[in-house]
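A.B. asks: See target09.txt below, with compact mmCIF, C-alpha atoms.
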```txt
# COMPACT_ATOMS: atom_id res chain seq x y z
CA MET A 1 21.93 0.63 14.32
CA ASP A 2 25.04 2.76 14.80
CA CYS A 3 24.42 6.49 14.98
CA TRP A 4 26.49 9.64 15.23
CA GLY A 5 25.22 13.18 15.84
CA ALA A 6 21.57 12.50 16.75
CA GLU A 7 20.75 12.85 20.45
CA VAL A 8 17.48 10.87 20.54
CA LEU A 9 18.86 7.78 18.77
CA ARG A 10 21.09 5.19 20.37
CA ILE A 11 23.19 2.29 19.14
CA GLY A 12 20.99 -0.78 19.00
CA ASP A 13 17.71 1.07 18.35
CA THR A 14 15.35 -0.49 15.82
CA VAL A 15 13.94 2.18 13.51
CA CYS A 16 11.66 2.67 10.51
CA LEU A 17 12.55 5.23 7.86
CA ASP A 18 9.88 7.78 6.91
CA PRO A 19 10.20 8.13 3.10
CA ASN A 20 8.82 11.69 3.21
CA VAL A 21 12.02 13.06 4.77
CA VAL A 22 14.79 13.77 2.25
CA LEU A 23 18.11 12.14 3.18
CA ASN A 24 21.27 11.05 1.44
CA ARG A 25 21.37 7.26 1.73
CA THR A 26 22.90 4.18 0.23
CA SER A 27 21.08 1.16 -1.19
CA GLY A 28 18.97 -1.10 1.00
CA PHE A 29 20.50 -4.23 -0.54
CA ALA A 30 23.62 -4.11 1.61
CA GLU A 31 24.97 -5.25 4.96
CA LEU A 32 24.92 -1.66 6.21
CA ILE A 33 23.02 1.43 5.06
CA LEU A 34 24.53 4.90 5.44
CA LEU A 35 22.13 7.79 6.11
CA ASP A 36 23.55 11.31 5.87
CA ALA A 37 21.60 14.42 6.90
CA PRO A 38 21.55 17.10 9.62
CA ALA A 39 20.70 15.67 13.05
CA ASP A 40 17.21 17.20 13.16
CA ARG A 41 16.33 15.64 9.82
CA LEU A 42 17.63 12.23 10.89
CA GLU A 43 15.52 12.46 14.03
CA ALA A 44 12.48 13.40 11.93
CA ALA A 45 13.05 10.51 9.52
CA LEU A 46 13.78 7.65 11.92
CA TYR A 47 11.05 6.37 14.19
CA LYS A 48 11.99 4.01 17.00
CA VAL A 49 9.66 1.00 17.07
CA SER A 50 8.48 -1.14 19.95
CA HIS A 51 9.83 -4.66 20.38
CA THR A 52 6.95 -5.80 22.56
CA CYS A 53 3.68 -5.74 20.63
CA THR A 54 4.39 -7.43 17.32
CA LEU A 55 6.93 -9.27 15.24
CA LEU A 56 9.63 -6.79 14.31
CA GLU A 57 9.77 -7.95 10.70
CA ASN A 58 6.18 -6.77 10.15
CA TYR A 59 7.46 -3.18 10.31
CA VAL A 60 9.08 -3.83 6.93
CA LEU A 61 5.57 -3.38 5.51
CA ALA A 62 5.06 0.03 7.17
CA GLU A 63 5.34 1.99 3.92
CA PRO A 64 2.68 0.07 1.94
CA VAL A 65 0.38 0.10 4.99
CA ALA A 66 0.91 3.88 5.16
CA CYS A 67 0.10 4.30 1.44
CA ALA A 68 -3.13 2.35 1.99
CA GLU A 69 -4.02 4.49 5.02
CA HIS A 70 -3.35 7.62 2.97
CA CYS A 71 -5.63 6.42 0.17
CA ALA A 72 -8.44 5.47 2.56
CA ARG A 73 -8.09 8.76 4.43
CA ILE A 74 -8.31 11.06 1.43
CA VAL A 75 -11.18 9.21 -0.28
CA THR A 76 -13.36 9.13 2.84
CA THR A 77 -12.85 12.78 3.81
CA ALA A 78 -14.58 15.81 2.30
CA VAL A 79 -17.56 13.65 1.27
CA HIS A 80 -21.20 14.23 2.17
CA ALA A 81 -21.44 10.67 3.53
CA THR A 82 -19.04 7.77 4.14
CA PRO A 83 -19.40 5.24 1.30
CA ARG A 84 -21.36 2.14 2.32
CA SER A 85 -19.75 -0.14 -0.26
CA ALA A 86 -16.39 -0.28 -2.01
CA VAL A 87 -14.79 -2.34 -4.74
CA VAL A 88 -10.99 -2.56 -4.78
CA VAL A 89 -9.62 -3.71 -8.14
CA GLY A 90 -6.30 -5.49 -7.74
CA ALA A 91 -5.70 -8.16 -5.09
CA GLY A 92 -1.98 -7.54 -4.69
CA THR A 93 -0.28 -6.15 -1.60
CA MET A 94 -1.69 -2.65 -2.01
CA GLY A 95 -5.18 -3.85 -2.85
CA LEU A 96 -5.22 -6.01 0.28
CA PHE A 97 -4.02 -3.18 2.52
CA ILE A 98 -6.47 -0.67 1.02
CA ALA A 99 -9.34 -3.14 1.43
CA HIS A 100 -8.44 -3.60 5.11
CA ALA A 101 -8.09 0.17 5.62
CA LEU A 102 -11.59 0.70 4.20
CA ARG A 103 -13.05 -2.12 6.33
CA ARG A 104 -11.61 -0.46 9.45
CA ARG A 105 -13.69 2.57 8.49
CA GLY A 106 -16.89 0.54 8.44
CA ILE A 107 -17.19 0.12 4.66
CA SER A 108 -18.33 -3.14 3.03
CA VAL A 109 -15.49 -4.17 0.68
CA THR A 110 -15.21 -6.50 -2.31
CA LEU A 111 -11.72 -7.26 -3.64
CA LEU A 112 -11.54 -8.06 -7.36
CA ASN A 113 -8.81 -9.57 -9.51
CA ARG A 114 -8.66 -11.04 -13.00
CA SER A 115 -6.07 -13.70 -12.10
CA LYS A 116 -7.63 -16.82 -10.59
CA ALA A 117 -4.22 -17.86 -9.20
CA CYS A 118 -3.98 -14.57 -7.30
CA LEU A 119 -7.51 -14.96 -5.93
CA ARG A 120 -6.74 -18.50 -4.75
CA PHE A 121 -3.60 -17.21 -3.01
CA VAL A 122 -5.47 -14.33 -1.35
CA ALA A 123 -8.34 -16.62 -0.30
CA THR A 124 -5.96 -18.30 2.17
CA PHE A 125 -5.43 -15.00 4.03
CA SER A 126 -7.24 -13.51 7.02
CA LEU A 127 -9.62 -11.25 5.10
CA GLU A 128 -11.80 -10.21 8.07
CA GLY A 129 -15.09 -9.79 6.22
CA ILE A 130 -13.67 -8.76 2.83
CA THR A 131 -15.41 -10.50 -0.09
CA LEU A 132 -13.45 -11.80 -3.09
CA GLY A 133 -14.80 -11.55 -6.62
CA SER A 134 -13.97 -11.73 -10.31
CA LEU A 135 -13.40 -8.62 -12.39
CA THR A 136 -15.69 -10.11 -15.06
CA GLU A 137 -18.74 -10.00 -12.77
CA PRO A 138 -18.35 -6.96 -10.51
CA ALA A 139 -21.08 -5.53 -8.30
CA ARG A 140 -21.97 -1.84 -8.15
CA ALA A 141 -20.31 0.19 -5.40
CA ASP A 142 -20.25 3.72 -4.02
CA LEU A 143 -16.44 3.70 -4.10
CA VAL A 144 -14.12 2.03 -6.62
CA VAL A 145 -10.36 1.97 -5.98
CA LEU A 146 -8.14 1.00 -8.92
CA ALA A 147 -5.17 -0.55 -7.12
CA LYS A 148 -3.47 -2.37 -9.98
CA THR A 149 0.20 -1.46 -10.53
CA PHE A 150 -0.75 0.45 -13.70
CA VAL A 151 -4.19 1.76 -14.65
CA SER A 152 -5.13 1.39 -18.32
CA HIS A 153 -7.93 3.11 -20.26
CA GLU A 154 -9.81 -0.20 -20.21
CA LEU A 155 -9.52 -0.50 -16.43
CA LEU A 156 -10.57 3.11 -15.85
CA LYS A 157 -13.65 2.57 -18.03
CA LYS A 158 -14.42 -0.54 -15.98
CA GLY A 159 -14.16 1.51 -12.82
CA PHE A 160 -16.73 3.99 -14.10
CA THR A 161 -19.03 1.11 -15.04
CA ILE A 162 -18.80 -0.33 -11.51
CA ALA A 163 -19.28 3.01 -9.73
CA ALA A 164 -22.80 3.92 -8.66
CA ASP A 165 -24.37 7.28 -9.48
CA GLN A 166 -22.73 9.96 -7.29
CA GLY A 167 -19.94 7.47 -6.58
CA ARG A 168 -16.16 7.85 -6.66
CA VAL A 169 -13.46 6.21 -8.78
CA VAL A 170 -10.03 6.44 -7.16
CA VAL A 171 -6.93 6.20 -9.35
CA PHE A 172 -4.33 4.69 -7.03
CA GLY A 173 -2.25 2.69 -9.54
CA ARG A 174 0.26 4.48 -11.72
CA ILE A 175 -0.62 6.18 -15.00
CA ASP A 176 1.79 5.77 -17.89
CA LYS A 177 3.02 8.98 -19.57
CA ALA A 178 1.47 7.82 -22.84
CA PHE A 179 -1.97 7.39 -21.23
CA GLY A 180 -3.31 10.71 -22.52
CA ASN A 181 -6.66 12.11 -21.42
CA PHE A 182 -9.81 10.33 -20.29
CA ARG A 183 -13.05 12.17 -21.03
CA GLY A 184 -11.02 15.37 -21.26
CA VAL A 185 -9.20 14.82 -17.95
CA ASP A 186 -5.40 14.59 -17.66
CA VAL A 187 -5.57 11.55 -15.37
CA ARG A 188 -1.83 11.34 -14.74
CA SER A 189 -1.70 14.93 -13.45
CA LEU A 190 -4.90 14.40 -11.48
CA ARG A 191 -3.38 11.39 -9.70
CA LEU A 192 -0.07 13.09 -8.91
CA SER A 193 -1.78 16.24 -7.59
CA GLU A 194 -4.48 14.22 -5.80
CA SER A 195 -7.15 16.33 -7.46
CA HIS A 196 -10.74 15.37 -8.22
CA ARG A 197 -13.24 16.00 -11.03
CA TRP A 198 -16.89 15.17 -11.57
CA LEU A 199 -17.70 13.48 -14.87
CA THR A 200 -21.06 12.70 -16.46
CA CYS A 201 -21.40 9.22 -17.94
CA GLY A 202 -24.02 7.56 -20.10
CA GLY A 203 -27.57 7.88 -18.83
CA GLY A 204 -26.64 10.97 -16.84
CA LYS A 205 -24.76 9.06 -14.12
CA GLN A 206 -22.31 11.33 -12.31
CA VAL A 207 -19.06 9.93 -10.96
CA GLU A 208 -16.17 11.72 -9.27
CA ILE A 209 -12.64 10.71 -10.28
CA VAL A 210 -10.05 11.15 -7.50
CA GLY A 211 -6.27 10.78 -7.48
CA SER A 212 -4.24 9.12 -4.72
CA ASP A 213 -0.44 9.20 -4.73
CA GLY A 214 2.07 8.31 -2.04
CA LEU A 215 1.70 9.11 1.64
CA ALA A 216 2.23 11.82 4.24
CA SER A 217 4.13 11.63 7.50
CA GLU A 218 0.84 11.37 9.43
CA ASP A 219 0.00 8.24 7.41
CA PHE A 220 3.39 6.72 8.19
CA LEU A 221 2.86 7.34 11.91
CA SER A 222 -0.61 5.83 11.63
CA ALA A 223 0.87 2.73 9.97
CA LEU A 224 3.45 2.30 12.74
CA ARG A 225 0.70 2.56 15.36
CA LEU A 226 -1.46 0.02 13.51
CA ILE A 227 1.38 -2.48 13.17
CA GLY A 228 2.58 -1.99 16.73
CA SER A 229 -0.92 -2.44 18.19
CA GLY A 230 -1.88 -5.35 15.95
CA ASP A 231 -4.83 -3.39 14.52
CA SER A 232 -3.45 -3.68 10.98
CA SER A 233 -4.35 -7.41 10.90
CA GLN A 234 -1.10 -8.94 12.10
CA SER A 235 -2.10 -12.30 10.63
CA LEU A 236 -2.30 -10.71 7.17
CA LEU A 237 1.16 -9.18 7.59
CA ASP A 238 2.52 -12.58 8.60
CA GLU A 239 0.83 -14.33 5.66
CA LEU A 240 2.09 -11.84 3.08
CA ILE A 241 5.72 -12.60 3.95
CA THR A 242 6.25 -15.83 2.02
CA GLY A 243 10.04 -16.06 2.10
CA ARG A 244 13.05 -15.08 4.20
CA HIS A 245 16.50 -15.07 2.61
CA LEU A 246 20.06 -14.00 3.27
CA LEU A 247 21.55 -11.15 1.25
CA SER A 248 23.95 -13.65 -0.35
CA GLU A 249 20.92 -15.51 -1.76
CA LEU A 250 19.42 -12.43 -3.42
CA PRO A 251 20.55 -13.13 -7.03
CA SER A 252 18.99 -16.60 -7.05
CA VAL A 253 15.84 -15.28 -5.34
CA LEU A 254 15.41 -12.57 -7.99
CA ASN A 255 15.93 -15.09 -10.79
CA ALA A 256 13.28 -17.35 -9.30
CA MET A 257 10.85 -14.45 -8.87
CA ASN A 258 11.33 -13.32 -12.48
CA SER A 259 10.76 -16.80 -13.89
CA GLY A 260 7.00 -16.76 -13.27
CA ASP A 261 4.19 -15.58 -11.01
CA ASP A 262 5.65 -14.95 -7.57
CA LEU A 263 3.07 -13.99 -4.97
CA GLY A 264 3.76 -12.49 -1.57
CA LYS A 265 6.71 -10.57 -0.14
CA ARG A 266 10.29 -11.75 0.44
CA LEU A 267 12.47 -10.45 3.26
CA ILE A 268 16.20 -10.10 2.66
CA PHE A 269 18.46 -10.19 5.73
CA PRO A 270 22.10 -8.97 5.66
CA THR A 271 22.89 -11.78 8.13
CA SER A 272 20.79 -14.50 9.74
CA PRO A 273 17.53 -13.15 11.28
CA SER A 274 18.78 -13.82 14.82
CA GLU A 275 22.01 -11.91 14.18
CA SER A 276 20.00 -9.08 12.58
CA GLY A 277 17.97 -8.74 15.77
CA ILE A 278 14.72 -9.68 14.01
CA LEU A 279 13.34 -12.72 15.76
CA ARG A 280 10.16 -14.62 15.00
```
Give the structure from this file in structure tokens form.
C.D. replies:
Amino acid sequence: MDCWGAEVLRIGDTVCLDPNVVLNRTSGFAELILLDAPADRLEAALYKVSHTCTLLENYVLAEPVACAEHCARIVTTAVHATPRSAVVVGAGTMGLFIAHALRRRGISVTLLNRSKACLRFVATFSLEGITLGSLTEPARADLVVLAKTFVSHELLKKGFTIAADQGRVVVFGRIDKAFGNFRGVDVRSLRLSESHRWLTCGGGKQVEIVGSDGLASEDFLSALRLIGSGDSSQSLLDELITGRHLLSELPSVLNAMNSGDDLGKRLIFPTSPSESGILR
């Protein structure tokens, strides 16, 4: 890193960018990225990371780990009792991280997905006590987190079916603008504002619907601490990164990813990993 105008940062520092701080910046798909902001804002946005406790490339996943920490934090606070059981619907990157965040809080977690190929892929990971299951045969749970990329009416109904009486359904995945209301609730606004509402279902069952969107700076700091200490399941971070490519290879990588189901995360390096300072 080259830096001008910020006293606490030095050339050669390795940093992670907090997405909560507003900066002017260029695209990440480049040999160099230009960040432009007053010095105090640059210092607030860029966190120096340790080279000693973990593989540096794992810090690339700091933002999704932070989003998962944020979700787990808000859904386990302001409740009369910590949920004993949780179902996370969606076994992608976010579903995996949310499941691990809930397990760290002492909750029994089942991770569900409709795709058998995805479940087979995830079954090879270090799940640390997380159970895998099919969306067609879900168990009841105190907490249901909908962690698919987009949440449909059908999926939200499924979440309410899975949730136990006095349980919570968390809308983490995005809500399309055309979604409309669900049982009189503007779910898109509820998610973006991270609000909550109690709804009465068939048979008198009461379920709270809760929104989770994004992350706060405290969640980003928590993610950096988890990754740096290894408490975020370093083996999972390693396993999720399924490819490492040079920037010059990006077009062919994107074409390959768009041609079918591509599971895992790919790292793109502006130069070779050793020249980039990211060593395995």
A.B. asks: With only C-alpha atoms counted, which protein, DNA or RNA residues have an atom no more than 7 Å from (-14.2, -5.3, -3.6) in the file frame? Please answer as a list in words.
C.D. replies: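 The requested residues, written out, are Ala86, Val87, Val88, Val89, Val109, Thr110, Leu111, Leu112, Thr131, Leu132 and Gly133 of chain A.
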A.B. asks: Near Val253 in chain A, within 12 Å and counting only C-alpha atoms, which residues show up once chain neighbours fewer than 6 positions away are dropped, as a PyMOL selection string?
C.D. replies: chain A and resi 243-247+259-260+262+265-268
A.B. asks: Any idea what the distance is between CA of Glu63 in chain A and CA of Asp213 in chain A?
C.D. replies: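 If I compute the distance from CA of Glu63 in chain A to CA of Asp213 in chain A, I get 12.7 Å.
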A.B. asks: Just how far from CA of Thr149 in chain A is CA of Ala45 in chain A, in Å to one decimal?
C.D. replies: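 So the two atoms, CA of Ala45 in chain A and CA of Thr149 in chain A, lie 26.7 Å apart.
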A.B. asks: If we count all atoms listed in the file and set the cut-off at 6 Å, which residues sit around range 167-178 of chain A, ignoring sequence neighbours fewer than 3 positions away in its own chain? Please answer as JSON, numbers by chain.
C.D. replies: {"A": [142, 143, 144, 145, 146, 147, 148, 149, 150, 151, 163, 164, 188, 207, 208, 209, 210, 211, 212]}
A.B. asks: May I have the selected residues written with C-alpha atoms, as a compact mmCIF listing (two decimals), in the frame of the given file?
C.D. replies:
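File selection16.txt, as written:
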```txt
# COMPACT_ATOMS: atom_id res chain seq x y z
CA ASP A 142 -20.25 3.72 -4.02
CA LEU A 143 -16.44 3.70 -4.10
CA VAL A 144 -14.12 2.03 -6.62
CA VAL A 145 -10.36 1.97 -5.98
CA LEU A 146 -8.14 1.00 -8.92
CA ALA A 147 -5.17 -0.55 -7.12
CA LYS A 148 -3.47 -2.37 -9.98
CA THR A 149 0.20 -1.46 -10.53
CA PHE A 150 -0.75 0.45 -13.70
CA VAL A 151 -4.19 1.76 -14.65
CA ALA A 163 -19.28 3.01 -9.73
CA ALA A 164 -22.80 3.92 -8.66
CA ARG A 188 -1.83 11.34 -14.74
CA VAL A 207 -19.06 9.93 -10.96
CA GLU A 208 -16.17 11.72 -9.27
CA ILE A 209 -12.64 10.71 -10.28
CA VAL A 210 -10.05 11.15 -7.50
CA GLY A 211 -6.27 10.78 -7.48
CA SER A 212 -4.24 9.12 -4.72
```
A.B. asks: So how many Å separate CA of Gly202 in chain A and CA of Arg140 in chain A, to one decimal?
C.D. replies: 15.3 Å
A.B. asks: Determine the nearest neighbour of Ile74 in chain A from the options A:Gly129, A:Gly184, A:Gly106, A:Gly214, counting only C-alpha atoms.
C.D. replies: A:Gly214
A.B. asks: What's the 12 Å shell around Gly230 in chain A, counting only C-alpha atoms, without same-chain residues fewer than 5 positions away, as a CSV table (one decimal) with C-alpha atoms, keeping the file's coordinate frame?
C.D. replies:
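For reference, part.csv as written:
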```
chain,number,residue,atom,x,y,z
A,50,SER,CA,8.5,-1.1,20.0
A,52,THR,CA,7.0,-5.8,22.6
A,53,CYS,CA,3.7,-5.7,20.6
A,54,THR,CA,4.4,-7.4,17.3
A,55,LEU,CA,6.9,-9.3,15.2
A,56,LEU,CA,9.6,-6.8,14.3
A,58,ASN,CA,6.2,-6.8,10.2
A,59,TYR,CA,7.5,-3.2,10.3
A,223,ALA,CA,0.9,2.7,10.0
A,224,LEU,CA,3.4,2.3,12.7
A,225,ARG,CA,0.7,2.6,15.4
A,235,SER,CA,-2.1,-12.3,10.6
A,236,LEU,CA,-2.3,-10.7,7.2
A,237,LEU,CA,1.2,-9.2,7.6
A,238,ASP,CA,2.5,-12.6,8.6
```
A.B. asks: Measuring between all atoms listed in the file, which one of A:Arg105, A:His153, A:Arg10, A:Arg120 shows the shortest distance to Val75 in chain A?
C.D. replies: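 Closest to Val75 in chain A of all the choices is A:Arg105.
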A.B. asks: Tell me which of A:Leu156, A:Ile33, A:Ala141, A:Cys71 sits closest to Ala216 in chain A, counting all atoms listed in the file.
C.D. replies: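 The shortest atom-to-atom distance to Ala216 in chain A comes from A:Cys71.
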